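Dropping coords.cif in here (mmCIF, C-alpha atoms and all ligand atoms):
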data_entry
loop_
_atom_site.group_PDB
_atom_site.id
_atom_site.type_symbol
_atom_site.label_atom_id
_atom_site.label_comp_id
_atom_site.auth_asym_id
_atom_site.auth_seq_id
_atom_site.Cartn_x
_atom_site.Cartn_y
_atom_site.Cartn_z
ATOM 1 C CA MET A 18 -1.901 -12.108 -28.019
ATOM 2 C CA SER A 19 0.449 -12.582 -25.135
ATOM 3 C CA ASN A 20 0.184 -13.249 -21.458
ATOM 4 C CA VAL A 21 0.640 -10.133 -19.317
ATOM 5 C CA LEU A 22 -0.182 -11.525 -15.879
ATOM 6 C CA ARG A 23 -0.209 -14.951 -14.305
ATOM 7 C CA PHE A 24 -0.973 -15.864 -10.679
ATOM 8 C CA GLY A 25 -0.234 -19.460 -9.675
ATOM 9 C CA ASN A 26 -1.501 -20.663 -6.264
ATOM 10 C CA VAL A 27 -0.942 -17.214 -4.757
ATOM 11 C CA ASN A 28 -1.354 -16.768 -1.007
ATOM 12 C CA TYR A 29 -0.928 -13.540 0.922
ATOM 13 C CA VAL A 30 -0.894 -13.791 4.690
ATOM 14 C CA ARG A 31 -0.552 -10.905 7.160
ATOM 15 C CA ASN A 32 -0.676 -11.161 10.961
ATOM 16 C CA GLY A 33 -1.656 -14.800 10.653
ATOM 17 C CA ARG A 34 -4.651 -13.873 8.516
ATOM 18 C CA SER A 35 -5.125 -15.159 5.000
ATOM 19 C CA ILE A 36 -5.847 -12.128 2.806
ATOM 20 C CA LEU A 37 -5.521 -13.950 -0.537
ATOM 21 C CA SER A 38 -5.961 -17.730 -0.706
ATOM 22 C CA ASP A 39 -4.817 -19.923 -3.553
ATOM 23 C CA VAL A 40 -5.451 -17.397 -6.337
ATOM 24 C CA ASN A 41 -4.992 -18.683 -9.882
ATOM 25 C CA TRP A 42 -5.534 -16.145 -12.634
ATOM 26 C CA GLU A 43 -4.262 -15.370 -16.120
ATOM 27 C CA VAL A 44 -4.656 -12.195 -18.146
ATOM 28 C CA ASP A 45 -3.985 -11.886 -21.857
ATOM 29 C CA SER A 46 -2.981 -8.638 -23.554
ATOM 30 C CA SER A 47 -6.286 -8.490 -25.466
ATOM 31 C CA GLU A 48 -8.425 -8.810 -22.319
ATOM 32 C CA ARG A 49 -10.070 -6.108 -20.173
ATOM 33 C CA TRP A 50 -10.831 -7.386 -16.675
ATOM 34 C CA VAL A 51 -13.103 -6.120 -13.949
ATOM 35 C CA ILE A 52 -12.370 -7.250 -10.392
ATOM 36 C CA LEU A 53 -15.573 -7.207 -8.403
ATOM 37 C CA GLY A 54 -16.055 -7.952 -4.726
ATOM 38 C CA PRO A 55 -17.097 -6.508 -1.378
ATOM 39 C CA ASN A 56 -14.964 -4.208 0.776
ATOM 40 C CA GLY A 57 -12.014 -6.019 2.287
ATOM 41 C CA ALA A 58 -12.197 -8.895 -0.228
ATOM 42 C CA GLY A 59 -8.539 -8.449 -1.238
ATOM 43 C CA LYS A 60 -8.972 -6.485 -4.499
ATOM 44 C CA THR A 61 -6.383 -3.815 -3.750
ATOM 45 C CA THR A 62 -3.955 -6.457 -2.480
ATOM 46 C CA LEU A 63 -4.386 -8.298 -5.779
ATOM 47 C CA LEU A 64 -3.515 -5.115 -7.719
ATOM 48 C CA ARG A 65 -0.546 -4.325 -5.480
ATOM 49 C CA ILE A 66 0.903 -7.749 -6.227
ATOM 50 C CA ALA A 67 0.058 -7.501 -9.944
ATOM 51 C CA THR A 68 1.986 -4.212 -10.096
ATOM 52 C CA ALA A 69 4.967 -5.646 -8.173
ATOM 53 C CA ASN A 70 4.289 -3.200 -5.314
ATOM 54 C CA ASP A 71 3.936 -6.170 -2.964
ATOM 55 C CA TYR A 72 4.901 -9.838 -2.939
ATOM 56 C CA PRO A 73 2.874 -12.969 -2.223
ATOM 57 C CA SER A 74 3.615 -15.073 0.858
ATOM 58 C CA SER A 75 3.682 -18.098 -1.426
ATOM 59 C CA GLY A 76 2.901 -18.980 -5.021
ATOM 60 C CA GLU A 77 4.169 -17.604 -8.313
ATOM 61 C CA VAL A 78 3.397 -14.341 -10.064
ATOM 62 C CA ASP A 79 4.535 -13.461 -13.578
ATOM 63 C CA VAL A 80 4.130 -9.813 -14.561
ATOM 64 C CA LEU A 81 4.775 -9.139 -18.259
ATOM 65 C CA GLU A 82 6.456 -12.540 -18.411
ATOM 66 C CA ARG A 83 8.880 -11.725 -15.613
ATOM 67 C CA ARG A 84 8.775 -13.804 -12.435
ATOM 68 C CA LEU A 85 8.053 -11.587 -9.432
ATOM 69 C CA GLY A 86 10.976 -11.589 -7.022
ATOM 70 C CA THR A 87 13.605 -11.984 -9.724
ATOM 71 C CA PHE A 88 13.733 -8.384 -10.929
ATOM 72 C CA ASP A 89 13.705 -4.835 -9.647
ATOM 73 C CA ILE A 90 10.256 -3.190 -9.873
ATOM 74 C CA TRP A 91 11.996 -0.115 -11.330
ATOM 75 C CA GLU A 92 12.621 -2.135 -14.521
ATOM 76 C CA LEU A 93 8.868 -2.362 -15.132
ATOM 77 C CA ARG A 94 7.948 1.219 -14.249
ATOM 78 C CA ASN A 95 7.240 2.325 -17.825
ATOM 79 C CA ARG A 96 5.594 -0.947 -18.853
ATOM 80 C CA LEU A 97 2.860 -0.808 -16.164
ATOM 81 C CA GLY A 98 0.282 1.922 -15.656
ATOM 82 C CA PHE A 99 -1.363 2.040 -12.235
ATOM 83 C CA ALA A 100 -3.851 4.564 -10.837
ATOM 84 C CA ALA A 101 -5.312 4.437 -7.329
ATOM 85 C CA THR A 102 -6.785 6.974 -4.932
ATOM 86 C CA ALA A 103 -3.935 6.404 -2.466
ATOM 87 C CA MET A 104 -1.542 7.663 -5.171
ATOM 88 C CA ALA A 105 -3.574 10.827 -5.827
ATOM 89 C CA ARG A 106 -3.131 11.794 -2.157
ATOM 90 C CA ARG A 107 0.642 11.914 -2.645
ATOM 91 C CA ILE A 108 0.478 14.403 -5.540
ATOM 92 C CA PRO A 109 1.460 17.926 -4.439
ATOM 93 C CA ALA A 110 -1.634 20.173 -4.735
ATOM 94 C CA SER A 111 0.371 22.759 -6.692
ATOM 95 C CA GLU A 112 1.582 20.295 -9.364
ATOM 96 C CA THR A 113 0.154 21.215 -12.766
ATOM 97 C CA VAL A 114 -1.777 18.579 -14.651
ATOM 98 C CA ARG A 115 0.696 18.727 -17.559
ATOM 99 C CA ASN A 116 3.657 18.098 -15.264
ATOM 100 C CA LEU A 117 1.809 15.325 -13.452
ATOM 101 C CA VAL A 118 1.396 13.532 -16.772
ATOM 102 C CA LEU A 119 4.803 14.475 -18.173
ATOM 103 C CA THR A 120 6.735 13.224 -15.140
ATOM 104 C CA ALA A 121 5.238 9.762 -15.679
ATOM 105 C CA ALA A 122 7.623 9.394 -18.612
ATOM 106 C CA TYR A 123 10.371 9.275 -16.002
ATOM 107 C CA GLY A 124 8.485 7.318 -13.344
ATOM 108 C CA VAL A 125 8.770 10.055 -10.738
ATOM 109 C CA GLU A 126 6.264 12.168 -8.869
ATOM 110 C CA GLY A 127 6.811 15.901 -8.657
ATOM 111 C CA ARG A 128 8.787 17.813 -11.239
ATOM 112 C CA TRP A 129 12.532 17.623 -10.785
ATOM 113 C CA ASN A 130 15.097 18.905 -13.207
ATOM 114 C CA GLU A 131 14.662 16.492 -16.069
ATOM 115 C CA GLU A 132 14.765 17.874 -19.540
ATOM 116 C CA TYR A 133 11.688 16.762 -21.403
ATOM 117 C CA ASP A 134 12.103 16.231 -25.094
ATOM 118 C CA ASP A 135 9.563 17.367 -27.653
ATOM 119 C CA MET A 136 8.309 13.839 -28.130
ATOM 120 C CA ASP A 137 7.329 13.568 -24.462
ATOM 121 C CA VAL A 138 5.592 16.948 -24.553
ATOM 122 C CA ARG A 139 3.627 15.917 -27.647
ATOM 123 C CA GLN A 140 2.697 12.584 -26.071
ATOM 124 C CA ALA A 141 1.537 14.363 -22.886
ATOM 125 C CA ASP A 142 -0.633 16.729 -24.936
ATOM 126 C CA ARG A 143 -2.097 13.787 -26.854
ATOM 127 C CA VAL A 144 -2.918 11.925 -23.639
ATOM 128 C CA LEU A 145 -4.395 15.057 -22.020
ATOM 129 C CA ALA A 146 -6.671 15.503 -25.036
ATOM 130 C CA GLU A 147 -7.692 11.836 -24.993
ATOM 131 C CA TRP A 148 -8.826 12.137 -21.348
ATOM 132 C CA GLN A 149 -10.498 15.537 -21.942
ATOM 133 C CA LEU A 150 -8.008 17.437 -19.829
ATOM 134 C CA THR A 151 -6.572 19.893 -22.347
ATOM 135 C CA GLU A 152 -8.319 22.860 -20.740
ATOM 136 C CA PHE A 153 -6.872 21.879 -17.339
ATOM 137 C CA ALA A 154 -3.287 21.314 -18.505
ATOM 138 C CA ASP A 155 -1.948 24.359 -16.673
ATOM 139 C CA HIS A 156 -4.255 24.046 -13.652
ATOM 140 C CA ALA A 157 -2.915 22.884 -10.287
ATOM 141 C CA PHE A 158 -3.909 19.294 -9.472
ATOM 142 C CA GLY A 159 -5.333 20.420 -6.105
ATOM 143 C CA THR A 160 -7.884 22.697 -7.804
ATOM 144 C CA LEU A 161 -9.448 19.934 -9.931
ATOM 145 C CA SER A 162 -12.768 18.262 -9.163
ATOM 146 C CA ASP A 163 -12.766 14.607 -8.084
ATOM 147 C CA GLY A 164 -13.653 13.466 -11.580
ATOM 148 C CA GLU A 165 -10.947 15.587 -13.192
ATOM 149 C CA GLN A 166 -8.383 14.302 -10.680
ATOM 150 C CA LYS A 167 -9.351 10.717 -11.476
ATOM 151 C CA ARG A 168 -8.919 11.359 -15.203
ATOM 152 C CA ALA A 169 -5.582 13.085 -14.580
ATOM 153 C CA MET A 170 -4.324 10.041 -12.655
ATOM 154 C CA ILE A 171 -5.397 7.767 -15.510
ATOM 155 C CA ALA A 172 -3.741 10.083 -18.058
ATOM 156 C CA ARG A 173 -0.566 9.848 -15.992
ATOM 157 C CA ALA A 174 -0.860 6.050 -15.925
ATOM 158 C CA VAL A 175 -1.157 5.773 -19.728
ATOM 159 C CA MET A 176 1.483 8.421 -20.562
ATOM 160 C CA ALA A 177 4.323 5.913 -20.979
ATOM 161 C CA ASP A 178 2.180 3.679 -23.226
ATOM 162 C CA PRO A 179 2.067 0.766 -20.757
ATOM 163 C CA GLU A 180 1.445 -2.870 -21.687
ATOM 164 C CA MET A 181 -0.949 -3.287 -18.761
ATOM 165 C CA LEU A 182 -3.173 -0.616 -17.166
ATOM 166 C CA LEU A 183 -4.500 -1.219 -13.645
ATOM 167 C CA LEU A 184 -7.139 1.034 -12.062
ATOM 168 C CA ASP A 185 -8.263 0.737 -8.440
ATOM 169 C CA GLU A 186 -11.849 2.003 -8.115
ATOM 170 C CA PRO A 187 -11.533 4.799 -10.674
ATOM 171 C CA SER A 188 -15.194 5.813 -10.364
ATOM 172 C CA ALA A 189 -15.508 5.693 -6.544
ATOM 173 C CA SER A 190 -16.857 8.945 -5.003
ATOM 174 C CA LEU A 191 -17.776 10.533 -8.350
ATOM 175 C CA ASP A 192 -21.130 12.220 -8.901
ATOM 176 C CA LEU A 193 -23.447 10.692 -11.506
ATOM 177 C CA GLY A 194 -22.334 12.938 -14.372
ATOM 178 C CA ALA A 195 -18.626 12.530 -13.639
ATOM 179 C CA ARG A 196 -19.028 8.785 -13.242
ATOM 180 C CA GLU A 197 -20.889 8.367 -16.528
ATOM 181 C CA ARG A 198 -18.371 10.541 -18.354
ATOM 182 C CA LEU A 199 -15.485 8.479 -16.980
ATOM 183 C CA LEU A 200 -17.227 5.207 -17.844
ATOM 184 C CA GLN A 201 -17.725 6.402 -21.431
ATOM 185 C CA MET A 202 -14.045 7.220 -21.705
ATOM 186 C CA LEU A 203 -12.957 3.918 -20.133
ATOM 187 C CA SER A 204 -15.337 2.106 -22.458
ATOM 188 C CA GLY A 205 -13.859 3.817 -25.526
ATOM 189 C CA PHE A 206 -10.339 3.081 -24.307
ATOM 190 C CA ALA A 207 -11.203 -0.565 -23.600
ATOM 191 C CA GLN A 208 -12.589 -1.046 -27.104
ATOM 192 C CA SER A 209 -9.534 0.263 -28.898
ATOM 193 C CA PRO A 210 -7.361 -2.621 -30.155
ATOM 194 C CA SER A 211 -4.254 -0.502 -29.553
ATOM 195 C CA SER A 212 -5.026 -0.189 -25.829
ATOM 196 C CA PRO A 213 -3.087 -2.242 -23.310
ATOM 197 C CA ALA A 214 -4.540 -5.042 -21.197
ATOM 198 C CA MET A 215 -6.779 -3.462 -18.550
ATOM 199 C CA ILE A 216 -7.683 -4.475 -15.009
ATOM 200 C CA MET A 217 -10.189 -2.357 -13.130
ATOM 201 C CA VAL A 218 -11.407 -2.809 -9.548
ATOM 202 C CA THR A 219 -14.955 -1.839 -8.607
ATOM 203 C CA HIS A 220 -17.658 -2.782 -6.077
ATOM 204 C CA HIS A 221 -20.537 -2.110 -8.458
ATOM 205 C CA VAL A 222 -21.774 -3.970 -11.546
ATOM 206 C CA GLU A 223 -23.218 -0.589 -12.667
ATOM 207 C CA GLU A 224 -19.638 0.625 -13.096
ATOM 208 C CA ILE A 225 -18.515 -2.025 -15.582
ATOM 209 C CA PRO A 226 -17.722 -0.107 -18.783
ATOM 210 C CA PRO A 227 -19.008 -1.648 -22.022
ATOM 211 C CA GLY A 228 -16.058 -3.204 -23.825
ATOM 212 C CA PHE A 229 -14.695 -4.937 -20.730
ATOM 213 C CA THR A 230 -14.448 -8.631 -21.513
ATOM 214 C CA HIS A 231 -13.724 -10.565 -18.322
ATOM 215 C CA VAL A 232 -14.629 -10.501 -14.647
ATOM 216 C CA LEU A 233 -13.017 -11.910 -11.525
ATOM 217 C CA LEU A 234 -15.307 -12.187 -8.500
ATOM 218 C CA ILE A 235 -13.534 -12.281 -5.157
ATOM 219 C CA LYS A 236 -14.716 -12.682 -1.560
ATOM 220 C CA ASP A 237 -12.613 -13.115 1.591
ATOM 221 C CA GLY A 238 -9.465 -13.453 -0.506
ATOM 222 C CA GLN A 239 -10.874 -16.321 -2.534
ATOM 223 C CA VAL A 240 -11.747 -16.206 -6.206
ATOM 224 C CA GLN A 241 -15.413 -17.145 -6.525
ATOM 225 C CA ALA A 242 -15.439 -17.200 -10.322
ATOM 226 C CA ALA A 243 -13.347 -15.764 -13.152
ATOM 227 C CA GLY A 244 -13.743 -15.663 -16.919
ATOM 228 C CA PRO A 245 -15.687 -13.996 -19.747
ATOM 229 C CA ILE A 246 -18.320 -11.557 -18.402
ATOM 230 C CA ALA A 247 -21.158 -13.232 -20.304
ATOM 231 C CA GLU A 248 -20.465 -16.527 -18.518
ATOM 232 C CA VAL A 249 -19.317 -15.376 -15.083
ATOM 233 C CA LEU A 250 -21.438 -12.324 -14.266
ATOM 234 C CA THR A 251 -24.537 -14.195 -13.149
ATOM 235 C CA ALA A 252 -27.034 -13.633 -10.341
ATOM 236 C CA GLU A 253 -25.821 -16.905 -8.769
ATOM 237 C CA ASN A 254 -22.171 -15.813 -8.734
ATOM 238 C CA LEU A 255 -23.098 -12.357 -7.378
ATOM 239 C CA ALA A 256 -25.104 -14.026 -4.600
ATOM 240 C CA THR A 257 -22.077 -16.102 -3.592
ATOM 241 C CA THR A 258 -19.756 -13.091 -3.732
ATOM 242 C CA PHE A 259 -21.954 -10.592 -1.865
ATOM 243 C CA ASP A 260 -23.977 -13.000 0.332
ATOM 244 C CA MET A 261 -27.229 -11.627 -1.013
ATOM 245 C CA GLN A 262 -29.749 -12.494 -3.734
ATOM 246 C CA PHE A 263 -29.885 -10.106 -6.706
ATOM 247 C CA ASP A 264 -31.903 -9.577 -9.823
ATOM 248 C CA LEU A 265 -29.286 -8.873 -12.462
ATOM 249 C CA SER A 266 -30.160 -7.188 -15.730
ATOM 250 C CA ALA A 267 -28.166 -6.067 -18.739
ATOM 251 C CA SER A 268 -28.966 -3.329 -21.230
ATOM 252 C CA GLY A 269 -26.768 -1.621 -23.813
ATOM 253 C CA GLY A 270 -23.670 -3.319 -22.451
ATOM 254 C CA ARG A 271 -24.349 -2.034 -18.911
ATOM 255 C CA TYR A 272 -25.426 -4.048 -15.872
ATOM 256 C CA THR A 273 -27.736 -3.422 -12.929
ATOM 257 C CA ALA A 274 -28.047 -5.494 -9.764
ATOM 258 C CA ILE A 275 -30.982 -4.972 -7.401
ATOM 259 C CA ALA A 276 -31.576 -6.886 -4.182
ATOM 260 C CA ARG A 277 -34.249 -9.520 -4.620
ATOM 261 C CA SER A 278 -37.106 -8.921 -2.237
HETATM 262 N N1 LIG B 1 -0.310 -5.193 4.623
HETATM 263 C C1 LIG B 1 -1.402 -5.587 5.281
HETATM 264 N N2 LIG B 1 -1.335 -5.957 6.566
HETATM 265 C C2 LIG B 1 -2.443 -6.375 7.234
HETATM 266 N N3 LIG B 1 -3.673 -6.437 6.686
HETATM 267 C C3 LIG B 1 -3.801 -6.086 5.409
HETATM 268 C C4 LIG B 1 -2.684 -5.632 4.620
HETATM 269 N N4 LIG B 1 -3.130 -5.343 3.386
HETATM 270 C C5 LIG B 1 -4.456 -5.596 3.383
HETATM 271 N N5 LIG B 1 -4.868 -6.031 4.595
HETATM 272 C C6 LIG B 1 -6.231 -6.468 4.959
HETATM 273 O O1 LIG B 1 -6.625 -7.380 3.962
HETATM 274 C C7 LIG B 1 -7.995 -7.262 3.637
HETATM 275 C C8 LIG B 1 -8.136 -6.976 2.164
HETATM 276 O O2 LIG B 1 -7.708 -5.666 1.906
HETATM 277 P P1 LIG B 1 -7.820 -4.987 0.481
HETATM 278 O O3 LIG B 1 -7.000 -5.764 -0.472
HETATM 279 O O4 LIG B 1 -7.475 -3.553 0.643
HETATM 280 O O5 LIG B 1 -9.368 -5.185 0.173
HETATM 281 P P2 LIG B 1 -10.322 -4.454 -0.884
HETATM 282 O O6 LIG B 1 -9.463 -3.621 -1.786
HETATM 283 O O7 LIG B 1 -11.022 -5.570 -1.591
HETATM 284 O O8 LIG B 1 -11.296 -3.633 -0.107
HETATM 285 C C9 LIG B 1 -8.517 -6.141 4.523
HETATM 286 O O9 LIG B 1 -9.162 -6.717 5.621
HETATM 287 C C10 LIG B 1 -7.275 -5.378 4.931
HETATM 288 O O10 LIG B 1 -7.440 -4.789 6.179
HETATM 289 MG MG MG B 2 -9.478 -1.622 -2.202
#
Could you show the structure in this file as structure tokens?
Amino acid sequence: MSNVLRFGNVNYVRNGRSILSDVNWEVDSSERWVILGPNGAGKTTLLRIATANDYPSSGEVDVLERRLGTFDIWELRNRLGFAATAMARRIPASETVRNLVLTAAYGVEGRWNEEYDDMDVRQADRVLAEWQLTEFADHAFGTLSDGEQKRAMIARAVMADPEMLLLDEPSASLDLGARERLLQMLSGFAQSPSSPAMIMVTHHVEEIPPGFTHVLLIKDGQVQAAGPIAEVLTAENLATTFDMQFDLSASGGRYTAIARS
């Protein structure tokens, strides 16, 4: 067990507006976190800071035991896996799925002139199989369905065997079948002891994959509650976070929240 992420009194202010306020949060390598909160709560900002893609206005952030601001983000590129829809938009439509995953070993997008060694090719094939993408390996990224694109971005994020995997709304916009398939895969990945620490953003309790251990609830840039799912995911905490009363139920490791009438 080791600490992979630590936020100490983190504030993020833009245009005089407080987007994150006094966030304190610690993630251990064995933990799998869900970040849950309404649109505009600050979830993506939290991930951008956790991946050293942005910096807090004040407070301390340690990523993989390195203090943010004291190192070049490039040094962490192979130790962090990050997948977000905004990144998928930057992938050239003609890029093959195999190259998309393979280039992650070098932390670049688009295939340049690197020579890939056999080990990288084998690792890419292993990761493609794990995320059920083998049949699409030679397909162009632009021809994949939403669900396949999401899995390809995750495969790319895990290619370099990161110590922390961060996913921003991986199941947003998927149809029911694609969503359930992705949740099953994320659940399996989360339950493997050899997997890295995971942090996944979602708006829906229905999208928490079984095997995730912790939840952070955030509203208006303020952490409402954070800790083990069994203690923190309560109807009371959801009401505070979403400004609405819910009936919350759990079955088979999955959750459902329905507005209380
Ligand atoms: N760089 C920025 N400059 C100004 N406003 C920002 C910036 N980044 C995020 N915001 C604002 O901060 C709020 C939180 O954004 P975000 O972290 O994307 O929320 P979420 O992912 O929870 O929907 C939003 O109102 C957004 O418009
Ligand atoms: Mg967001």
field: Contacts of ligand LIG 1 (chain B), 10 Å or closer, all atoms listed in the file, given as a PyMOL selection string
entry: chain A and resi 29-37+52-66+71+185-186+218-220+235-238
- prompt: Any chance you could work out the residue set of the PyMOL selection byres (((chain A and resi 252) around 7) and not hetatm) here, as JSON, numbers by chain?
  reply: {"A": [250, 251, 253, 254, 255, 256, 263, 264, 265]}
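Here CA of Leu81 in chain A stands at a distance of 14.3 Å from CA of Gly25 in chain A.
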Exactly which residues make up the result of the PyMOL selection byres (((chain A and resi 44) around 8) and not hetatm) on this file, given as a PDB file with C-alpha atoms, keeping the file's coordinate frame?
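Output below, filename selection24.pdb:
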ATOM      1  CA  ASN A  20       0.184 -13.249 -21.458  1.00  0.00           C
ATOM      2  CA  VAL A  21       0.640 -10.133 -19.317  1.00  0.00           C
ATOM      3  CA  LEU A  22      -0.182 -11.525 -15.879  1.00  0.00           C
ATOM      4  CA  ARG A  23      -0.209 -14.951 -14.305  1.00  0.00           C
ATOM      5  CA  TRP A  42      -5.534 -16.145 -12.634  1.00  0.00           C
ATOM      6  CA  GLU A  43      -4.262 -15.370 -16.120  1.00  0.00           C
ATOM      7  CA  ASP A  45      -3.985 -11.886 -21.857  1.00  0.00           C
ATOM      8  CA  SER A  46      -2.981  -8.638 -23.554  1.00  0.00           C
ATOM      9  CA  GLU A  48      -8.425  -8.810 -22.319  1.00  0.00           C
ATOM     10  CA  TRP A  50     -10.831  -7.386 -16.675  1.00  0.00           C
ATOM     11  CA  ALA A 214      -4.540  -5.042 -21.197  1.00  0.00           C
TER      12      ALA A 214
END
- request: Identify the residues around (-5.4, 7.2, -12.8) within a radius of 7 Å, measuring from only C-alpha atoms in the coordinates stated by the file, and give them as a PyMOL selection string.
  value: chain A and resi 99-101+167-174+184+187
Output C-alpha atoms for every residue in that selection, as an mmCIF file, in the coordinates of the input.
data_model
loop_
_atom_site.group_PDB
_atom_site.id
_atom_site.type_symbol
_atom_site.label_atom_id
_atom_site.label_comp_id
_atom_site.auth_asym_id
_atom_site.auth_seq_id
_atom_site.Cartn_x
_atom_site.Cartn_y
_atom_site.Cartn_z
ATOM 1 C CA PHE A 99 -1.363 2.040 -12.235
ATOM 2 C CA ALA A 100 -3.851 4.564 -10.837
ATOM 3 C CA ALA A 101 -5.312 4.437 -7.329
ATOM 4 C CA LYS A 167 -9.351 10.717 -11.476
ATOM 5 C CA ARG A 168 -8.919 11.359 -15.203
ATOM 6 C CA ALA A 169 -5.582 13.085 -14.580
ATOM 7 C CA MET A 170 -4.324 10.041 -12.655
ATOM 8 C CA ILE A 171 -5.397 7.767 -15.510
ATOM 9 C CA ALA A 172 -3.741 10.083 -18.058
ATOM 10 C CA ARG A 173 -0.566 9.848 -15.992
ATOM 11 C CA ALA A 174 -0.860 6.050 -15.925
ATOM 12 C CA LEU A 184 -7.139 1.034 -12.062
ATOM 13 C CA PRO A 187 -11.533 4.799 -10.674
#
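Separating CA of Asp163 in chain A from CA of Ala122 in chain A is a distance of 23.5 Å.
Taking CA of Ala67 in chain A as the reference point, CA of Gln201 in chain A is found at 25.3 Å.
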message: My list of candidates is A:Leu145, A:Ala195, A:Leu150, A:Ala103. Which is closest to ligand MG 2 (chain B) when distances are computed with all atoms listed in the file?
response: A:Ala103
- prompt: Can you list, as a VMD selection string, the residues that the PyMOL selection byres (((chain A and resi 95) around 10) and not hetatm) selects here?
  reply: chain A and resid 91 to 94 96 to 98 121 to 124 174 to 181
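Take the candidates A:Thr68, A:Thr120, A:Thr113, A:Gln140 and check each one against Val80 in chain A using all atoms listed in the file; the shortest distance goes to A:Thr68.
Closest to Arg49 in chain A among A:Met261, A:Ala274, A:Ala207, A:Leu183 is A:Ala207, based on all atoms listed in the file.
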So which residues touch Arg139 in chain A within 12 Å, counting only C-alpha atoms, skipping near sequence neighbours fewer than 3 positions away, as a PDB file with C-alpha atoms, in the coordinates of the input?
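Generated file (selection_17.pdb):
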ATOM      1  CA  ARG A 115       0.696  18.727 -17.559  1.00  0.00           C
ATOM      2  CA  VAL A 118       1.396  13.532 -16.772  1.00  0.00           C
ATOM      3  CA  LEU A 119       4.803  14.475 -18.173  1.00  0.00           C
ATOM      4  CA  ALA A 122       7.623   9.394 -18.612  1.00  0.00           C
ATOM      5  CA  TYR A 133      11.688  16.762 -21.403  1.00  0.00           C
ATOM      6  CA  ASP A 134      12.103  16.231 -25.094  1.00  0.00           C
ATOM      7  CA  ASP A 135       9.563  17.367 -27.653  1.00  0.00           C
ATOM      8  CA  MET A 136       8.309  13.839 -28.130  1.00  0.00           C
ATOM      9  CA  ASP A 142      -0.633  16.729 -24.936  1.00  0.00           C
ATOM     10  CA  ARG A 143      -2.097  13.787 -26.854  1.00  0.00           C
ATOM     11  CA  VAL A 144      -2.918  11.925 -23.639  1.00  0.00           C
ATOM     12  CA  LEU A 145      -4.395  15.057 -22.020  1.00  0.00           C
ATOM     13  CA  ALA A 146      -6.671  15.503 -25.036  1.00  0.00           C
ATOM     14  CA  MET A 176       1.483   8.421 -20.562  1.00  0.00           C
TER      15      MET A 176
END
